[in-house]
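Peer 1: Supplied structure: start-v5.txt, compact mmCIF, C-alpha atoms.
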```txt
# COMPACT_ATOMS: atom_id res chain seq x y z
CA MET A 1 -79.41 61.38 62.46
CA SER A 2 -80.27 58.73 59.89
CA ARG A 3 -78.23 60.50 57.20
CA VAL A 4 -74.91 60.56 59.11
CA PRO A 5 -73.87 56.91 58.64
CA GLY A 6 -74.54 57.09 54.88
CA TRP A 7 -72.29 60.14 54.56
CA ILE A 8 -69.50 58.49 56.48
CA GLY A 9 -69.72 55.41 54.25
CA ARG A 10 -69.44 57.46 51.06
CA LEU A 11 -66.44 59.32 52.50
CA GLY A 12 -64.70 56.06 53.33
CA SER A 13 -65.36 54.61 49.88
CA GLY A 14 -64.02 57.83 48.27
CA LEU A 15 -60.81 57.63 50.30
CA THR A 16 -60.38 53.97 49.38
CA HIS A 17 -60.81 54.78 45.67
CA MET A 18 -58.31 57.65 45.96
CA SER A 19 -55.68 55.44 47.65
CA ARG A 20 -56.01 52.81 44.92
CA THR A 21 -55.61 55.45 42.26
CA LEU A 22 -52.43 56.78 43.95
CA GLU A 23 -51.02 53.25 44.20
CA GLN A 24 -51.64 52.65 40.51
CA ARG A 25 -49.97 55.93 39.56
CA ARG A 26 -47.02 55.12 41.81
CA ALA A 27 -46.62 51.70 40.21
CA GLU A 28 -46.81 53.24 36.71
CA ALA A 29 -44.16 55.79 37.69
CA GLU A 30 -41.88 53.06 39.01
CA ARG A 31 -42.29 51.04 35.78
CA GLU A 32 -41.50 54.08 33.65
CA GLU A 33 -38.43 54.84 35.74
CA ALA A 34 -37.18 51.26 35.41
CA ALA A 35 -37.74 51.33 31.66
CA GLU A 36 -35.95 54.67 31.42
CA SER A 37 -32.91 53.28 33.26
CA ASP A 38 -32.74 50.26 30.89
CA ARG A 39 -32.94 52.43 27.75
CA PRO A 40 -29.48 53.50 26.33
CA ARG A 41 -28.71 57.16 26.83
CA SER A 42 -27.23 59.37 24.15
CA TYR A 43 -25.41 61.48 26.70
CA ASP A 44 -24.22 61.32 30.30
CA PRO A 45 -24.97 64.03 32.73
CA LEU A 46 -22.00 66.24 33.62
CA PRO A 47 -20.24 65.28 36.86
CA PRO A 48 -20.58 67.67 39.73
CA PRO A 49 -17.80 70.23 40.05
CA PRO A 50 -14.97 69.15 42.40
CA ASP A 51 -14.66 70.63 45.83
CA HIS A 52 -10.96 71.53 45.20
CA PRO A 53 -9.03 72.56 42.05
CA PRO A 54 -7.45 69.68 40.00
CA ALA A 55 -3.81 68.78 40.75
CA ALA A 56 -1.04 69.79 38.30
CA TYR A 57 0.42 67.18 35.82
CA SER A 58 3.09 65.02 37.56
CA ARG A 59 6.26 64.04 35.56
CA PRO A 60 7.41 60.38 35.51
CA ASP A 61 10.35 59.11 37.51
CA PRO A 62 13.63 59.90 35.63
CA ALA A 63 14.84 56.31 36.14
CA GLN A 64 11.69 55.08 34.38
CA ALA A 65 12.06 57.61 31.56
CA VAL A 66 15.58 56.35 30.64
CA PRO A 67 15.48 53.45 28.12
CA TRP A 68 16.25 50.01 29.49
CA GLY A 69 19.34 49.47 27.34
CA VAL A 70 20.87 52.78 28.46
CA ARG A 71 20.24 51.90 32.10
CA VAL A 72 21.93 48.50 31.66
CA ALA A 73 24.91 50.13 29.94
CA ALA A 74 25.20 52.70 32.73
CA GLU A 75 25.04 50.04 35.45
CA ALA A 76 27.73 47.98 33.72
CA GLY A 77 29.79 51.11 32.99
CA TRP A 78 30.20 52.34 36.53
CA ARG A 79 30.97 48.83 37.75
CA LEU A 80 33.66 48.51 35.07
CA LEU A 81 35.07 51.87 36.14
CA VAL A 82 35.24 50.71 39.75
CA LEU A 83 36.89 47.46 38.68
CA ALA A 84 39.39 49.31 36.47
CA GLY A 85 40.22 51.67 39.32
CA THR A 86 40.77 48.74 41.66
CA VAL A 87 43.07 47.02 39.16
CA TRP A 88 44.98 50.28 38.61
CA VAL A 89 45.52 50.76 42.34
CA LEU A 90 46.56 47.11 42.68
CA MET A 91 49.08 47.48 39.87
CA LYS A 92 50.49 50.60 41.48
CA VAL A 93 50.94 48.74 44.76
CA ILE A 94 52.58 45.81 42.98
CA SER A 95 54.91 48.17 41.10
CA ALA A 96 55.93 49.80 44.38
CA VAL A 97 56.89 46.41 45.87
CA GLN A 98 57.79 44.71 42.60
CA LEU A 99 60.92 43.07 43.96
CA VAL A 100 59.06 41.45 46.86
CA VAL A 101 56.20 40.24 44.66
CA LEU A 102 58.51 38.72 42.05
CA ALA A 103 60.64 37.05 44.73
CA PHE A 104 57.55 35.50 46.34
CA VAL A 105 56.12 34.32 43.00
CA ILE A 106 59.46 32.76 42.04
CA ALA A 107 59.51 31.11 45.47
CA LEU A 108 56.07 29.65 44.71
CA LEU A 109 57.36 28.25 41.41
CA ILE A 110 60.41 26.71 43.09
CA THR A 111 58.21 25.33 45.87
CA ALA A 112 55.89 23.75 43.29
CA LEU A 113 58.95 22.05 41.80
CA LEU A 114 60.46 20.85 45.09
CA GLN A 115 57.36 20.12 47.18
CA PRO A 116 56.69 16.64 45.70
CA THR A 117 60.15 15.60 46.91
CA VAL A 118 59.36 16.83 50.43
CA ALA A 119 56.05 14.94 50.39
CA ARG A 120 57.81 11.79 49.20
CA LEU A 121 60.37 12.02 52.01
CA ARG A 122 57.61 12.64 54.57
CA ARG A 123 55.80 9.48 53.43
CA ARG A 124 59.01 7.53 54.03
CA GLY A 125 59.06 8.70 57.66
CA VAL A 126 61.60 11.55 57.39
CA PRO A 127 60.79 14.44 59.78
CA ARG A 128 59.41 17.58 58.21
CA GLY A 129 62.40 19.78 59.06
CA VAL A 130 64.94 17.26 57.77
CA ALA A 131 62.94 16.65 54.56
CA THR A 132 62.66 20.38 53.94
CA ALA A 133 66.38 20.97 54.58
CA LEU A 134 67.48 18.10 52.33
CA THR A 135 65.18 19.10 49.49
CA ALA A 136 65.99 22.79 49.64
CA PHE A 137 69.74 22.17 49.95
CA GLY A 138 69.74 19.77 47.02
CA GLY A 139 67.64 22.06 44.84
CA PHE A 140 69.68 25.19 45.51
CA VAL A 141 72.96 23.30 45.08
CA VAL A 142 71.86 22.06 41.66
CA MET A 143 70.82 25.58 40.61
CA GLY A 144 74.11 27.01 41.85
CA LEU A 145 76.11 24.35 40.02
CA ILE A 146 74.28 25.13 36.79
CA GLY A 147 75.09 28.84 37.14
CA TRP A 148 78.73 28.09 38.01
CA PHE A 149 79.08 25.71 35.07
CA VAL A 150 77.75 28.26 32.59
CA THR A 151 80.04 30.97 33.93
CA TRP A 152 83.06 28.62 33.89
CA GLN A 153 82.39 27.51 30.31
CA VAL A 154 82.03 31.09 29.10
CA MET A 155 85.24 32.22 30.83
CA GLU A 156 87.16 29.22 29.52
CA ASN A 157 86.09 29.73 25.92
CA ILE A 158 85.92 33.53 25.76
CA ASP A 159 89.39 33.92 24.24
CA ASN A 160 88.88 31.20 21.67
CA LEU A 161 85.41 32.55 20.96
CA SER A 162 86.73 36.08 20.32
CA ASP A 163 89.23 34.73 17.80
CA GLN A 164 86.54 32.67 16.10
CA VAL A 165 84.22 35.68 16.06
CA GLN A 166 86.92 37.77 14.37
CA ASP A 167 87.52 35.04 11.81
CA GLY A 168 83.81 34.69 11.29
CA ILE A 169 83.42 38.43 10.74
CA ASP A 170 86.20 38.35 8.14
CA GLU A 171 84.58 35.37 6.44
CA LEU A 172 81.20 37.08 6.52
CA ARG A 173 82.79 40.16 4.99
CA ARG A 174 84.29 38.12 2.15
CA TRP A 175 80.96 36.40 1.61
CA LEU A 176 79.16 39.74 1.38
CA LEU A 177 81.72 41.02 -1.14
CA ASP A 178 81.24 37.93 -3.32
CA SER A 179 77.48 37.67 -2.79
CA PRO A 180 74.86 38.71 -5.38
CA PHE A 181 73.82 41.60 -3.10
CA HIS A 182 76.52 43.83 -4.69
CA VAL A 183 77.89 44.99 -1.35
CA THR A 184 81.12 46.97 -1.75
CA ASP A 185 84.09 47.27 0.56
CA LYS A 186 83.35 50.96 1.02
CA GLN A 187 79.84 50.23 2.29
CA ILE A 188 81.16 47.69 4.80
CA ASN A 189 83.73 50.20 6.06
CA GLU A 190 81.00 52.83 6.39
CA ILE A 191 78.92 50.44 8.51
CA ALA A 192 81.86 49.68 10.79
CA LYS A 193 82.64 53.41 11.08
CA ASN A 194 79.05 54.22 12.02
CA LEU A 195 79.12 51.53 14.71
CA ARG A 196 82.33 52.93 16.21
CA GLU A 197 80.91 56.46 16.19
CA ALA A 198 77.68 55.27 17.82
CA VAL A 199 79.64 53.58 20.58
CA GLY A 200 81.81 56.68 21.12
CA ALA A 201 78.84 59.07 21.15
CA ASN A 202 77.00 56.98 23.72
CA THR A 203 79.92 56.44 26.09
CA ASP A 204 78.21 58.41 28.85
CA GLN A 205 75.04 56.38 28.51
CA ILE A 206 77.02 53.14 28.53
CA THR A 207 78.84 54.29 31.69
CA SER A 208 75.59 55.23 33.42
CA ALA A 209 74.16 51.88 32.37
CA GLY A 210 77.13 50.23 33.98
CA LEU A 211 76.55 52.18 37.19
CA GLU A 212 72.89 51.21 37.09
CA GLY A 213 74.02 47.64 36.61
CA VAL A 214 75.50 47.73 40.10
CA THR A 215 72.08 48.60 41.48
CA VAL A 216 70.54 45.81 39.42
CA VAL A 217 73.05 43.34 40.86
CA VAL A 218 72.22 44.44 44.41
CA GLU A 219 68.48 44.14 43.74
CA THR A 220 69.02 40.74 42.14
CA LEU A 221 70.91 39.45 45.17
CA THR A 222 68.18 40.81 47.45
CA GLY A 223 65.50 39.11 45.37
CA ILE A 224 67.43 35.82 45.44
CA LEU A 225 67.68 35.93 49.24
CA LEU A 226 63.97 36.71 49.56
CA ALA A 227 63.12 33.86 47.20
CA VAL A 228 65.33 31.42 49.14
CA PHE A 229 63.81 32.29 52.53
CA SER A 230 60.26 32.27 51.11
CA THR A 231 60.88 28.85 49.57
CA LEU A 232 62.14 27.43 52.87
CA PHE A 233 59.10 28.65 54.79
CA LEU A 234 56.66 27.51 52.10
CA LEU A 235 58.20 24.04 52.04
CA TYR A 236 58.27 23.75 55.83
CA ASP A 237 55.11 25.57 56.92
CA GLY A 238 52.88 25.65 53.84
CA LYS A 239 49.93 24.06 55.63
CA ARG A 240 49.64 26.70 58.34
CA ILE A 241 50.18 29.48 55.80
CA TRP A 242 47.25 28.12 53.78
CA GLU A 243 45.07 27.87 56.90
CA TRP A 244 45.85 31.48 57.79
CA THR A 245 45.04 32.57 54.24
CA LEU A 246 41.66 30.84 54.40
CA LYS A 247 40.79 32.80 57.54
CA LEU A 248 41.03 36.04 55.53
CA VAL A 249 38.32 34.83 53.15
CA PRO A 250 34.67 35.59 54.05
CA ALA A 251 32.88 32.62 55.62
CA ALA A 252 30.35 32.36 52.77
CA ALA A 253 33.09 32.01 50.14
CA ARG A 254 35.46 29.89 52.24
CA PRO A 255 34.26 26.42 51.07
CA GLY A 256 34.70 27.37 47.41
CA VAL A 257 38.16 28.84 47.99
CA ALA A 258 39.14 25.80 50.06
CA GLY A 259 38.29 23.59 47.09
CA ALA A 260 39.89 25.84 44.47
CA GLY A 261 43.22 26.12 46.34
CA PRO A 262 44.41 22.50 45.96
CA ARG A 263 43.36 22.45 42.31
CA ALA A 264 45.28 25.64 41.63
CA TRP A 265 48.32 24.15 43.36
CA ARG A 266 48.12 20.99 41.28
CA THR A 267 47.92 23.09 38.11
CA LEU A 268 50.96 25.13 39.14
CA THR A 269 52.92 21.98 40.05
CA ALA A 270 52.05 20.31 36.74
CA TYR A 271 53.03 23.45 34.82
CA VAL A 272 56.43 23.86 36.51
CA ARG A 273 57.28 20.16 36.31
CA GLY A 274 56.22 19.91 32.67
CA THR A 275 58.09 23.09 31.72
CA VAL A 276 61.28 21.75 33.33
CA ILE A 277 61.00 18.45 31.43
CA VAL A 278 60.29 20.19 28.10
CA ALA A 279 63.13 22.69 28.64
CA PHE A 280 65.54 19.87 29.49
CA ILE A 281 64.61 17.93 26.32
CA ASP A 282 65.00 21.08 24.20
CA ALA A 283 68.41 21.84 25.71
CA VAL A 284 69.67 18.28 25.23
CA PHE A 285 68.64 17.87 21.59
CA ILE A 286 69.55 21.37 20.44
CA GLY A 287 72.82 21.12 22.36
CA LEU A 288 73.65 17.80 20.66
CA GLY A 289 72.78 19.29 17.28
CA ILE A 290 75.03 22.33 17.61
CA TYR A 291 77.75 20.15 19.18
CA PHE A 292 77.91 17.89 16.12
CA LEU A 293 77.90 21.03 13.94
CA ASP A 294 81.10 22.14 15.75
CA VAL A 295 79.52 25.33 17.10
CA PRO A 296 81.70 26.62 19.96
CA MET A 297 80.32 26.73 23.52
CA ALA A 298 77.64 24.15 22.73
CA VAL A 299 77.14 23.26 26.39
CA PRO A 300 76.68 26.87 27.65
CA LEU A 301 74.32 27.53 24.75
CA ALA A 302 72.32 24.44 25.74
CA VAL A 303 72.09 25.75 29.30
CA PHE A 304 70.90 29.13 27.99
CA ILE A 305 68.26 27.33 25.91
CA PHE A 306 67.14 25.49 29.07
CA LEU A 307 66.82 28.74 31.06
CA PHE A 308 65.12 30.72 28.29
CA ALA A 309 62.54 27.95 27.84
CA PHE A 310 60.79 29.21 31.00
CA VAL A 311 59.71 32.30 29.03
CA PRO A 312 57.04 30.93 26.66
CA LEU A 313 57.34 31.76 22.95
CA VAL A 314 59.79 34.62 23.42
CA GLY A 315 62.43 32.53 25.21
CA ALA A 316 62.57 29.91 22.45
CA VAL A 317 63.00 32.59 19.78
CA VAL A 318 65.74 34.43 21.70
CA SER A 319 67.73 31.31 22.62
CA GLY A 320 67.45 29.90 19.09
CA ALA A 321 68.53 33.21 17.56
CA LEU A 322 71.52 33.32 19.94
CA ALA A 323 72.65 29.85 18.82
CA VAL A 324 72.22 30.79 15.14
CA VAL A 325 74.21 34.04 15.57
CA VAL A 326 77.08 32.23 17.32
CA ALA A 327 77.13 29.62 14.52
CA LEU A 328 77.06 32.38 11.88
CA VAL A 329 79.99 34.42 13.23
CA THR A 330 82.11 31.37 14.06
CA GLN A 331 81.39 28.68 11.45
CA GLY A 332 79.81 30.47 8.54
CA VAL A 333 76.50 30.65 6.73
CA PHE A 334 76.02 26.94 6.06
CA THR A 335 76.49 26.00 9.73
CA ALA A 336 74.14 28.81 10.76
CA VAL A 337 71.45 27.52 8.38
CA MET A 338 71.85 23.98 9.71
CA THR A 339 71.66 25.29 13.29
CA LEU A 340 68.45 27.10 12.38
CA VAL A 341 67.03 23.86 10.95
CA VAL A 342 67.89 21.97 14.15
CA VAL A 343 66.35 24.67 16.37
CA LEU A 344 63.13 24.85 14.32
CA ALA A 345 62.77 21.07 14.19
CA VAL A 346 63.16 20.65 17.96
CA GLN A 347 60.77 23.52 18.67
CA GLN A 348 58.14 22.08 16.33
CA ILE A 349 58.40 18.71 18.09
CA GLU A 350 58.12 20.52 21.42
CA GLY A 351 55.04 22.52 20.43
CA HIS A 352 53.08 19.71 18.80
CA ILE A 353 54.13 16.61 20.75
CA LEU A 354 55.96 17.33 24.01
CA GLN A 355 53.83 20.09 25.50
CA PRO A 356 50.42 18.48 24.81
CA PHE A 357 51.70 15.10 26.06
CA ILE A 358 53.63 16.28 29.14
CA LEU A 359 51.60 19.29 30.28
CA GLY A 360 48.23 17.80 29.37
CA ARG A 361 44.87 19.54 29.28
CA ALA A 362 45.02 20.69 32.91
CA VAL A 363 47.33 23.61 32.12
CA ARG A 364 46.51 24.15 28.46
CA VAL A 365 46.16 27.85 27.64
CA HIS A 366 45.18 29.33 24.29
CA PRO A 367 48.17 30.70 22.30
CA LEU A 368 46.57 34.15 22.13
CA ALA A 369 46.28 34.20 25.92
CA VAL A 370 49.95 33.14 26.16
CA VAL A 371 51.09 35.95 23.85
CA LEU A 372 49.02 38.60 25.63
CA ALA A 373 50.08 37.36 29.08
CA VAL A 374 53.77 37.32 28.18
CA ALA A 375 53.53 40.80 26.64
CA ALA A 376 51.67 42.23 29.63
CA GLY A 377 54.00 40.57 32.12
CA GLY A 378 57.04 41.86 30.26
CA LEU A 379 55.68 45.41 30.19
CA VAL A 380 54.81 45.36 33.88
CA ALA A 381 57.82 43.57 35.38
CA GLY A 382 60.32 42.79 32.62
CA ILE A 383 61.72 39.28 32.24
CA GLY A 384 60.42 38.18 35.64
CA GLY A 385 56.89 39.25 34.72
CA ALA A 386 57.11 37.35 31.43
CA VAL A 387 58.21 34.21 33.30
CA VAL A 388 55.35 34.23 35.83
CA ALA A 389 52.62 35.48 33.46
CA VAL A 390 51.68 32.13 31.89
CA PRO A 391 51.50 30.07 35.11
CA LEU A 392 49.43 32.87 36.63
CA VAL A 393 46.99 32.69 33.71
CA ALA A 394 46.84 28.87 33.96
CA VAL A 395 46.14 28.98 37.70
CA THR A 396 43.52 31.71 37.25
CA ASN A 397 41.79 29.66 34.57
CA THR A 398 41.64 26.64 36.89
CA VAL A 399 40.32 28.65 39.84
CA VAL A 400 37.64 30.45 37.82
CA GLY A 401 36.45 27.21 36.23
CA TYR A 402 36.16 25.44 39.58
CA LEU A 403 34.37 28.35 41.29
CA ARG A 404 31.89 28.57 38.41
CA ALA A 405 31.11 24.86 38.68
CA TYR A 406 30.94 25.07 42.47
CA SER A 407 28.49 28.01 42.43
CA ARG A 408 26.31 26.29 39.83
CA GLU A 409 26.21 23.10 41.91
CA SER A 410 25.42 25.09 45.05
CA ALA A 411 22.50 26.76 43.26
CA LEU A 412 21.20 23.37 42.11
CA ARG A 413 21.42 21.98 45.64
CA GLY A 414 19.49 24.97 47.01
CA ALA A 415 16.74 24.80 44.37
CA PRO A 416 13.58 22.73 45.11
CA LYS A 417 13.70 19.21 43.71
CA PRO A 418 11.43 18.49 40.71
CA HIS A 419 8.35 16.41 41.39
CA GLY A 420 5.46 14.97 39.45
CA ALA A 421 5.65 14.90 35.67
CA THR A 422 8.62 17.30 35.54
CA SER A 423 10.80 14.95 37.58
CA THR A 424 11.13 12.57 34.63
CA ASP A 425 12.59 15.36 32.46
CA ALA A 426 15.18 16.52 34.98
CA ALA A 427 18.61 15.08 34.23
CA PRO A 428 20.85 14.47 37.23
CA ALA A 429 23.65 17.04 37.43
CA ALA A 430 27.24 15.90 37.77
CA GLU A 431 28.43 16.80 41.23
CA PRO A 432 32.00 18.07 41.60
CA PRO A 433 34.10 16.43 44.26
CA PRO A 434 33.41 17.89 47.70
CA PRO A 435 35.81 20.63 48.80
CA PRO A 436 38.55 19.61 51.21
CA PRO A 437 38.37 20.68 54.82
CA PRO A 438 39.78 24.13 55.61
CA ASP A 439 42.86 22.64 57.26
CA GLN A 440 44.24 21.23 53.97
CA ASP A 441 46.88 23.41 52.33
CA PRO A 442 47.55 23.55 48.59
CA ALA A 443 51.16 22.49 49.13
CA SER A 444 50.02 19.11 50.44
CA ALA A 445 47.52 18.49 47.65
```
Once more with this new file: its structure as structure tokens, please.
Peer 2:
Amino acid sequence: MSRVPGWIGRLGSGLTHMSRTLEQRRAEAEREEAAESDRPRSYDPLPPPPDHPPAAYSRPDPAQAVPWGVRVAAEAGWRLLVLAGTVWVLMKVISAVQLVVLAFVIALLITALLQPTVARLRRRGVPRGVATALTAFGGFVVMGLIGWFVTWQVMENIDNLSDQVQDGIDELRRWLLDSPFHVTDKQINEIAKNLREAVGANTDQITSAGLEGVTVVVETLTGILLAVFSTLFLLYDGKRIWEWTLKLVPAAARPGVAGAGPRAWRTLTAYVRGTVIVAFIDAVFIGLGIYFLDVPMAVPLAVFIFLFAFVPLVGAVVSGALAVVVALVTQGVFTAVMTLVVVLAVQQIEGHILQPFILGRAVRVHPLAVVLAVAAGGLVAGIGGAVVAVPLVAVTNTVVGYLRAYSRESALRGAPKPHGATSTDAAPAAEPPPPPPPDQDPASA
């Protein structure tokens, strides 16, 4: 019995020694594992195999594969195609109703010329209907008297002119025979014979042209009536027409259009008024020049110069050439040369002094734009298109410039105001005048 406690004590001490030994080995193993994890490895163990097969290679989005420049060109290209198609359809519609469009545009030009008189009468207390009637009656009477005067002068001088033309042709023939060009009488007779044969061979075409001329006269009278009625309504009721037009514009764009309308009307009024003044000065001075040169029908030629001045560039050339030809066949080469000098001198004064001073910068259009506009207008609608092309370009230039400034100012007003250090670097933007209320019409601007 005395040996049992000693045995139990040795067993307990052995277990205690064994547990300490295990703790030491466990601590050594943990230190070795920590050191092994800190030591760089020369290789990584292979990842475990996936539970499912890898997915196939996916191709990029085609829109992302196309280069940026090609995408920009494509975006601009289809928009240009849509715009070109819209313009083509619009031109087809205008060509189908060409007479109505030209009559209305001419009515706008006449209204721009007569409307200041109506406004002046209204300010003096004259009722709107009476002011419109007086202005329209006076304007149309003056235009009719000008047409009657030209026709009367031509009919009165046609016989004398034919005799002078025959004498001028004979004189021109003698001059050609005596000139250093070595023109013979046989060659002159051959030219005259060819002209007679050309007229005889094209008799049918000349007859058909005469029959078509009847249709042209009917269309012209119809266009004149449409222009007269349109002018009356624009002079009398322009304000309500402008209000109704504004209602067709989307609400977001209405303030900009309401501000651009009066400016476009002022540009059109300045253009028409300035063109009339310049044409009148040209007609007076060129008419006086050819009158003192004893060119027959000086007054009708001056009226033709006044009317042709409404076609920029081309009208001055045609009217000047007509005066030179009449002087050549009636008074001879010297008078024709002097007429040419007078025409060129007056046109140079017009181009460099009168137009910049009278028309001003508000309606100034680049000469290239004038040439292209006149050519395009003539191809689309003949003489009428050439007449309305330049004022249309001037008005479009004014409208686009105002809308660009208005949109830029609107963007600046919507942007957050600068603050802090950046506020000292921000320059105040020039604000355009506020747009008029929607109830203001361009005719009253």
Peer 1: Between A:Val380, A:Ala394, A:Ala279, A:Ala336, which residue has the minimum interatomic distance to A:Gly351, considering all atoms listed in the file?
Peer 2: A:Ala279
Peer 1: I need the residue nearest A:Val318 from this list: A:Val93, A:Leu121, A:Val343, A:Met297. Use only C-alpha atoms for the distance.
Peer 2: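 Of A:Val93, A:Leu121, A:Val343, A:Met297, the one nearest A:Val318, counting only C-alpha atoms, is A:Val343.
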Peer 1: When you draw a straight line from atom CA of A:Arg408 to atom CA of A:Gly256, how long is it in Å?
Peer 2: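 So the two atoms, atom CA of A:Arg408 and atom CA of A:Gly256, lie 11.4 Å apart.
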Peer 1: In Å, with one decimal, what is the gap from atom CA of A:Val390 to atom CA of A:Ala103?
Peer 2: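 So the answer is 16.4 Å.
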Peer 1: Of the candidates A:Phe285, A:Trp148, A:Trp265, A:Trp78, which shows the shortest atom-to-atom distance to A:Gln115, using all atoms listed in the file?
Peer 2: A:Trp265
Peer 1: Let me make sure I understand: among A:Ala260, A:Val365, A:Gly223, A:Thr335, which one has the smallest atom-to-atom distance to A:Val97 if we use all atoms listed in the file?
Peer 2: A:Gly223
Peer 1: Pick from A:Leu354, A:Ala327, A:Val346, A:Val295: nearest to A:Ile277, with all atoms listed in the file counted?
Peer 2: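 For A:Ile277, the nearest of the candidates is A:Leu354.
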